[in-house]
$ cat data15.cif   # mmCIF, C-alpha atoms and all ligand atoms
data_final
loop_
_atom_site.label_atom_id
_atom_site.label_comp_id
_atom_site.auth_asym_id
_atom_site.auth_seq_id
_atom_site.Cartn_x
_atom_site.Cartn_y
_atom_site.Cartn_z
CA MET O 624 118.08 79.73 108.28
CA HIS O 625 118.98 78.27 111.63
CA GLY O 626 121.45 78.91 114.41
CA ALA O 627 122.19 75.76 116.43
CA GLY O 628 118.80 74.38 115.37
CA ASN O 629 116.75 77.44 116.40
CA ASP O 630 115.10 78.01 113.01
CA PHE O 631 113.92 81.15 111.26
CA VAL O 632 112.06 82.44 108.25
CA MET O 633 114.03 85.53 107.26
CA LEU O 634 112.01 88.17 105.37
CA ASP O 635 113.81 90.67 103.16
CA LEU O 636 111.85 93.86 103.89
CA ARG O 637 114.52 96.27 102.69
CA GLY O 638 113.19 99.20 100.69
CA GLY O 639 110.28 99.76 103.06
CA ALA O 640 108.15 96.64 102.45
CA GLU O 641 105.30 96.22 104.94
CA PRO O 642 105.95 93.99 107.99
CA PRO O 643 103.88 90.78 108.05
CA SER O 644 100.47 90.80 109.75
CA ARG O 645 99.94 88.56 112.80
CA ALA O 646 98.05 86.10 110.58
CA VAL O 647 100.95 85.90 108.10
CA THR O 648 103.57 85.39 110.84
CA GLN O 649 101.41 82.61 112.33
CA LYS O 650 101.14 80.94 108.92
CA LEU O 651 104.89 81.22 108.34
CA GLY O 652 105.50 79.74 111.77
CA ASP O 653 103.11 76.82 111.29
CA ARG O 654 105.09 73.60 110.67
CA HIS O 655 102.08 71.81 109.13
CA PHE O 656 100.04 74.39 107.22
CA GLY O 657 102.79 76.95 106.55
CA VAL O 658 106.58 76.98 106.28
CA GLY O 659 107.45 76.26 109.91
CA CYS O 660 109.98 77.96 112.17
CA ASP O 661 110.53 79.15 115.73
CA GLN O 662 110.80 82.83 114.78
CA ILE O 663 110.17 85.11 111.80
CA ILE O 664 112.80 87.81 111.33
CA SER O 665 112.54 90.84 109.07
CA ILE O 666 115.69 92.38 107.67
CA GLU O 667 115.19 96.08 107.09
CA ASP O 668 117.13 99.14 105.96
CA PRO O 669 119.49 100.67 108.54
CA VAL O 670 117.79 103.19 110.83
CA GLU O 671 120.79 104.18 112.95
CA PRO O 672 123.95 105.84 111.62
CA GLY O 673 126.88 103.44 111.44
CA THR O 674 124.71 100.31 111.13
CA VAL O 675 124.32 98.11 108.03
CA ALA O 676 120.76 96.83 108.68
CA SER O 677 118.05 96.57 111.29
CA TYR O 678 115.85 93.61 112.20
CA ARG O 679 112.62 92.78 114.01
CA ILE O 680 111.44 89.47 115.49
CA TRP O 681 108.12 87.63 115.74
CA ASN O 682 107.57 84.31 117.50
CA SER O 683 105.81 81.50 115.62
CA ASP O 684 102.58 82.26 117.53
CA GLY O 685 102.60 85.78 116.04
CA SER O 686 103.76 87.60 119.19
CA ILE O 687 106.44 90.28 118.96
CA ALA O 688 109.86 89.70 120.61
CA GLY O 689 112.48 92.26 121.61
CA GLN O 690 115.55 90.11 121.07
CA CYS O 691 116.77 86.89 119.49
CA GLY O 692 120.40 85.85 119.86
CA ASN O 693 120.52 83.02 117.33
CA GLY O 694 118.51 85.23 114.99
CA ALA O 695 121.05 88.05 115.36
CA ARG O 696 123.81 85.74 114.09
CA CYS O 697 121.61 84.65 111.17
CA VAL O 698 120.87 88.29 110.30
CA ALA O 699 124.63 88.90 110.39
CA ALA O 700 125.29 85.99 107.99
CA TRP O 701 122.45 87.03 105.68
CA VAL O 702 123.56 90.67 105.57
CA GLU O 703 127.24 89.83 105.11
CA ARG O 704 126.36 87.68 102.09
CA GLU O 705 123.68 89.95 100.58
CA LEU O 706 125.56 93.24 101.01
CA GLN O 707 128.88 91.59 100.11
CA LEU O 708 130.55 93.07 103.18
CA PRO O 709 134.34 92.70 103.36
CA ALA O 710 135.10 89.25 104.81
CA GLY O 711 136.03 89.19 108.48
CA GLU O 712 135.36 92.92 109.04
CA PRO O 713 133.20 93.88 112.05
CA PHE O 714 129.87 95.66 111.46
CA VAL O 715 126.89 96.85 113.50
CA LEU O 716 123.22 95.77 113.40
CA SER O 717 120.29 97.35 115.17
CA SER O 718 117.44 95.44 116.82
CA PRO O 719 114.52 96.51 119.05
CA ALA O 720 116.96 95.91 121.97
CA GLY O 721 119.64 98.31 120.67
CA LEU O 722 122.86 98.15 118.68
CA HIS O 723 124.91 94.96 118.25
CA GLU O 724 128.51 94.82 117.16
CA VAL O 725 129.14 91.73 115.02
CA LEU O 726 132.47 90.03 114.47
CA PRO O 727 132.51 87.43 111.65
CA LEU O 728 134.62 84.49 112.83
CA GLY O 729 134.63 82.50 109.57
CA LYS O 730 132.97 79.24 108.45
CA GLY O 731 129.50 80.62 109.29
CA TYR O 732 130.37 81.50 112.88
CA TYR O 733 129.69 84.99 114.27
CA GLN O 734 130.22 86.77 117.56
CA VAL O 735 127.48 89.24 118.55
CA ALA O 736 127.57 91.76 121.40
CA MET O 737 124.18 91.16 122.98
CA GLY O 738 123.99 94.18 125.31
CA VAL O 739 124.40 94.48 129.07
CA PRO O 740 122.14 92.01 130.94
CA SER O 741 119.71 93.75 133.29
CA PHE O 742 118.47 92.32 136.60
CA ASP O 743 116.16 95.27 137.29
CA PRO O 744 112.71 93.74 138.02
CA ARG O 745 111.04 96.66 136.19
CA GLN O 746 113.00 95.92 133.04
CA VAL O 747 112.38 92.17 132.90
CA PRO O 748 109.49 92.91 133.76
CA LEU O 749 108.50 91.09 136.94
CA GLY O 750 105.02 91.56 138.49
CA ALA O 751 104.17 94.86 140.15
CA GLN O 752 104.55 93.44 143.67
CA ILE O 753 108.30 92.91 143.14
CA GLU O 754 110.14 96.19 143.50
CA HIS O 755 113.63 95.27 144.61
CA GLU O 756 116.30 93.40 142.71
CA ALA O 757 117.24 90.02 144.20
CA LEU O 758 119.57 87.19 143.19
CA THR O 759 116.65 84.74 143.12
CA TYR O 760 112.87 84.81 143.53
CA PRO O 761 110.60 81.96 144.71
CA PHE O 762 108.15 80.14 142.42
CA ARG O 763 106.38 77.03 143.72
CA ASP O 764 109.08 75.00 145.56
CA PHE O 765 112.08 76.30 143.57
CA GLU O 766 113.90 79.56 142.85
CA PHE O 767 114.62 81.40 139.66
CA SER O 768 116.77 84.33 138.55
CA ALA O 769 115.19 87.03 136.40
CA VAL O 770 117.16 88.70 133.61
CA SER O 771 116.35 91.02 130.74
CA MET O 772 118.36 90.66 127.55
CA GLY O 773 115.92 93.02 125.82
CA ASN O 774 113.47 90.14 126.29
CA PRO O 775 112.41 88.48 129.57
CA HIS O 776 114.17 85.40 130.96
CA ALA O 777 113.75 83.25 134.07
CA VAL O 778 116.65 80.92 134.82
CA ILE O 779 116.17 77.83 137.00
CA VAL O 780 119.14 75.73 138.12
CA VAL O 781 118.36 72.03 137.82
CA PRO O 782 120.40 68.92 138.68
CA GLU O 783 119.74 67.34 135.26
CA ALA O 784 118.34 69.44 132.44
CA PHE O 785 117.52 66.25 130.49
CA MET O 786 115.02 65.30 133.22
CA ALA O 787 113.49 68.76 133.73
CA ASP O 788 109.75 69.16 133.35
CA VAL O 789 110.30 71.89 130.80
CA MET O 790 106.81 72.18 129.35
CA GLU O 791 104.84 71.94 132.61
CA VAL O 792 107.00 74.43 134.55
CA GLY O 793 107.49 76.63 131.48
CA ASP O 794 103.74 76.91 130.82
CA ALA O 795 103.03 77.67 134.50
CA MET O 796 105.62 80.45 134.63
CA GLN O 797 104.54 81.95 131.32
CA ILE O 798 100.96 82.46 132.52
CA SER O 799 101.93 83.55 136.04
CA PRO O 800 101.11 87.17 137.05
CA LEU O 801 104.79 87.30 138.08
CA PHE O 802 105.55 87.78 134.38
CA PRO O 803 103.13 90.35 132.92
CA GLN O 804 104.78 90.02 129.47
CA SER O 805 105.30 86.25 129.83
CA VAL O 806 108.84 84.86 129.91
CA ASN O 807 111.42 82.58 128.31
CA VAL O 808 112.23 79.88 130.86
CA GLY O 809 115.74 78.38 130.97
CA PHE O 810 116.62 75.11 132.74
CA ALA O 811 120.34 75.24 133.47
CA GLN O 812 122.52 72.37 134.58
CA VAL O 813 125.94 73.52 135.78
CA VAL O 814 128.52 71.01 134.49
CA SER O 815 131.55 72.99 135.68
CA ARG O 816 132.42 76.67 136.19
CA ASN O 817 132.97 76.91 132.41
CA GLU O 818 130.26 74.62 131.08
CA LEU O 819 126.51 74.67 131.16
CA TYR O 820 123.83 72.42 129.71
CA LEU O 821 120.71 74.41 128.93
CA ARG O 822 117.16 73.81 127.69
CA VAL O 823 114.87 76.77 127.03
CA TYR O 824 111.08 76.88 126.88
CA GLU O 825 110.55 79.98 124.80
CA ARG O 826 107.75 82.49 124.98
CA GLY O 827 105.64 82.20 121.82
CA ALA O 828 107.45 79.14 120.44
CA GLY O 829 107.72 76.38 123.09
CA GLU O 830 110.94 74.46 123.65
CA THR O 831 113.48 75.26 120.94
CA LEU O 832 116.74 73.49 120.07
CA ALA O 833 118.68 76.58 121.19
CA CYS O 834 118.06 80.07 122.53
CA GLY O 835 120.90 82.60 122.23
CA SER O 836 119.44 85.27 124.50
CA GLY O 837 118.55 82.44 126.93
CA ALA O 838 122.18 81.27 126.96
CA CYS O 839 123.33 84.84 127.69
CA ALA O 840 120.69 85.24 130.43
CA ALA O 841 121.64 81.93 132.07
CA VAL O 842 125.36 82.72 132.07
CA ALA O 843 124.77 86.27 133.38
CA ALA O 844 122.46 85.03 136.17
CA LEU O 845 124.84 82.28 137.27
CA VAL O 846 127.95 84.49 137.09
CA ARG O 847 126.11 86.84 139.41
CA ARG O 848 125.37 83.93 141.76
CA ASP O 849 129.07 82.94 141.56
CA MET O 850 128.25 79.54 140.06
CA LEU O 851 130.12 80.17 136.77
CA ASP O 852 133.23 81.94 135.49
CA ARG O 853 132.82 84.68 132.90
CA LYS O 854 133.67 82.50 129.87
CA VAL O 855 131.29 79.60 129.43
CA SER O 856 130.56 76.96 126.81
CA VAL O 857 126.79 76.40 126.69
CA ALA O 858 125.54 73.11 125.24
CA LEU O 859 121.93 73.19 124.03
CA PRO O 860 119.95 70.39 122.36
CA GLY O 861 120.79 71.80 118.88
CA GLY O 862 124.40 72.88 119.32
CA ARG O 863 126.92 74.81 121.33
CA LEU O 864 127.33 78.55 121.98
CA GLN O 865 130.27 80.33 123.59
CA ILE O 866 129.30 83.09 126.00
CA GLU O 867 131.67 85.65 127.45
CA TRP O 868 130.78 88.42 129.89
CA PRO O 869 133.93 90.47 130.54
CA ALA O 870 132.46 92.62 133.35
CA ASP O 871 129.07 93.48 134.90
CA ASP O 872 128.77 96.80 133.05
CA GLN O 873 129.89 95.47 129.67
CA PRO O 874 127.93 93.78 126.88
CA ILE O 875 127.78 89.99 127.02
CA ARG O 876 129.17 88.33 123.88
CA MET O 877 127.71 85.28 122.21
CA SER O 878 129.48 83.23 119.50
CA GLY O 879 127.98 80.40 117.50
CA PRO O 880 127.05 78.92 114.13
CA THR O 881 124.60 79.91 111.37
CA ALA O 882 123.24 77.98 108.39
CA PHE O 883 121.25 78.82 105.25
CA VAL O 884 118.64 76.16 104.51
CA PHE O 885 116.64 77.31 101.49
CA GLN O 886 115.38 80.44 99.78
CA GLY O 887 111.87 81.01 98.46
CA GLU O 888 109.17 83.46 97.49
CA LEU O 889 106.17 83.92 99.74
CA ILE O 890 102.77 83.90 98.05
CA VAL O 891 100.08 85.30 100.37
N1 LIG E 901 115.26 82.10 120.10
C1 LIG E 901 115.61 83.38 120.49
C2 LIG E 901 114.64 84.16 121.34
C3 LIG E 901 113.36 84.51 120.55
C4 LIG E 901 112.39 85.42 121.26
C5 LIG E 901 111.75 84.85 122.51
N2 LIG E 901 110.97 83.69 122.26
C6 LIG E 901 110.89 85.94 123.18
O1 LIG E 901 109.66 85.96 123.00
O2 LIG E 901 111.45 86.78 123.90
C7 LIG E 901 117.08 83.55 120.87
O3 LIG E 901 117.91 82.85 120.25
O4 LIG E 901 117.41 84.42 121.65
#
$ encode --input "data15.cif" --output "structure tokens" --more "lines below"
Ligand SMILES: N[C@@H](CCC[C@H](N)C(=O)O)C(=O)O
Amino acid sequence: MHGAGNDFVMLDLRGGAEPPSRAVTQKLGDRHFGVGCDQIISIEDPVEPGTVASYRIWNSDGSIAGQCGNGARCVAAWVERELQLPAGEPFVLSSPAGLHEVLPLGKGYYQVAMGVPSFDPRQVPLGAQIEHEALTYPFRDFEFSAVSMGNPHAVIVVPEAFMADVMEVGDAMQISPLFPQSVNVGFAQVVSRNELYLRVYERGAGETLACGSGACAAVAALVRRDMLDRKVSVALPGGRLQIEWPADDQPIRMSGPTAFVFQGELIV
């Protein structure tokens, strides 16, 4: 499946099937010697009352992730089809980051409540030397905002995202001691108070065509810096997401597309 070009291998692990080993996730993620995708997502039986399914996420390099926004929408589409849920009715999924209310919008579009963004440096996490929350932190000759969406994000405001040195800066930040669990690095170009252009260099996958949690993190960070309103259209290389953050203490909501590509059986 994919959501705005961020592509996934979805594994049906309902009924208690074993999660894939690191070697299997790496093979699934390999675009030349495997299937190829940005993330591998397992769909599992519900673990929390009131939910219809739970999911876990692995990056294509085999590392474990705590959240995936585009993946959440794809899980929603997969579950709605597989469980034959009543069309248009809201339902709840659980992920390693918590519970997510889903609203099917029709034509493959879903809205997902992605949780309340956290700016607490311990939650991101930022390196041990940073104890107090700030709007921005220095790195080399620029500044970034740090946000947790259940996974770590650094957001850098750039004049032109198209021109940003995404791989060089992304790699440097990901190996910096500032980010003990590495980081997803977003390069955000503010087009207007309601429109953002965003590229994301993801932890464990490199630059992807879209990053849902990255779009939420960028909007949250820039709302907090009073550079954006609370309802923003985010254009990414693979498509567009709508992000709405009603208030600081409320979950941020992400809406966007999903697509099924093909179905197969894995022989390992
Ligand atoms: N593409 C995802 C984020 C996937 C996980 C991320 N690379 C991490 O390691 O935290 C999204 O749409 O949010």
$ closest_residue --input "data15.cif" --among "O:Gly673, O:Pro874, O:Gly694, O:Pro761" --to "ligand LIG 901 (chain E)" --atoms "all atoms listed in the file"
O:Gly694
$ closest_residue --input "data15.cif" --among "O:Asp684, O:Glu791, O:Glu766, O:Glu712" --to "ligand LIG 901 (chain E)" --atoms "all atoms listed in the file"
O:Asp684
$ atom_distance --input "data15.cif" --atom1 "CA of Val792 in chain O" --atom2 "CA of Phe762 in chain O"
9.8 Å
$ residues_near_ligand --input "data15.cif" --ligand "ligand LIG 901 (chain E)" --cutoff "10 Å" --atoms "only C-alpha atoms and all ligand atoms" --output "VMD selection string"
chain O and resid 625 to 631 661 to 664 680 to 697 737 771 to 776 804 to 808 823 to 840
$ atom_distance --input "data15.cif" --atom1 "CA of Asp635 in chain O" --atom2 "CA of Glu667 in chain O"
6.8 Å
$ atom_distance --input "data15.cif" --atom1 "CA of Val857 in chain O" --atom2 "CA of Gly750 in chain O"
29.0 Å
$ residues_near_point --input "data15.cif" --point "(126.6, 95.5, 109.0)" --cutoff "8 Å" --atoms "all atoms listed in the file" --output "number ranges by chain"
O: 674-676, 699, 702-703, 708, 713-716, 725
$ residues_around --input "data15.cif" --residues "Pro643 in chain O" --least-positions-apart "4" --cutoff "9 Å" --atoms "only C-alpha atoms" --output "number ranges by chain"
O: 634, 647-648, 665
$ residues_near_point --input "data15.cif" --point "(118.4, 98.5, 117.2)" --cutoff "8 Å" --atoms "all atoms listed in the file" --output "PyMOL selection string"
chain O and resi 670-671+677-678+716-723
$ write_last_selection --input "data15.cif" --atoms "C-alpha atoms" --output "tab-separated table (two decimals), in the frame of the given file"
chain	number	residue	atom	x	y	z
O	670	VAL	CA	117.79	103.19	110.83
O	671	GLU	CA	120.79	104.18	112.95
O	677	SER	CA	118.05	96.57	111.29
O	678	TYR	CA	115.85	93.61	112.20
O	716	LEU	CA	123.22	95.77	113.40
O	717	SER	CA	120.29	97.35	115.17
O	718	SER	CA	117.44	95.44	116.82
O	719	PRO	CA	114.52	96.51	119.05
O	720	ALA	CA	116.96	95.91	121.97
O	721	GLY	CA	119.64	98.31	120.67
O	722	LEU	CA	122.86	98.15	118.68
O	723	HIS	CA	124.91	94.96	118.25
$ closest_residue --input "data15.cif" --among "O:Ile779, O:Leu801, O:Met796, O:Leu651" --to "Glu754 in chain O" --atoms "only C-alpha atoms"
O:Leu801
$ closest_residue --input "data15.cif" --among "O:Ile890, O:Leu851, O:Val842, O:Met790" --to "Leu864 in chain O" --atoms "all atoms listed in the file"
O:Val842
$ residues_around --input "data15.cif" --residues "Asp852 in chain O" --least-positions-apart "6" --cutoff "12 Å" --atoms "only C-alpha atoms" --output "PyMOL selection string"
chain O and resi 813-819+842-846+866-870
$ closest_residue --input "data15.cif" --among "O:Arg876, O:Val632, O:Leu758, O:Gly862" --to "Asp849 in chain O" --atoms "only C-alpha atoms"
O:Leu758
$ closest_residue --input "data15.cif" --among "O:Ile666, O:Met850, O:Ala795, O:Ile875" --to "Glu641 in chain O" --atoms "only C-alpha atoms"
O:Ile666
$ residues_around --input "data15.cif" --residues "Ala757 in chain O" --least-positions-apart "5" --cutoff "10 Å" --atoms "only C-alpha atoms" --output "list in words"
Phe742, Asp743, Pro744, Ser768 and Ala769 of chain O
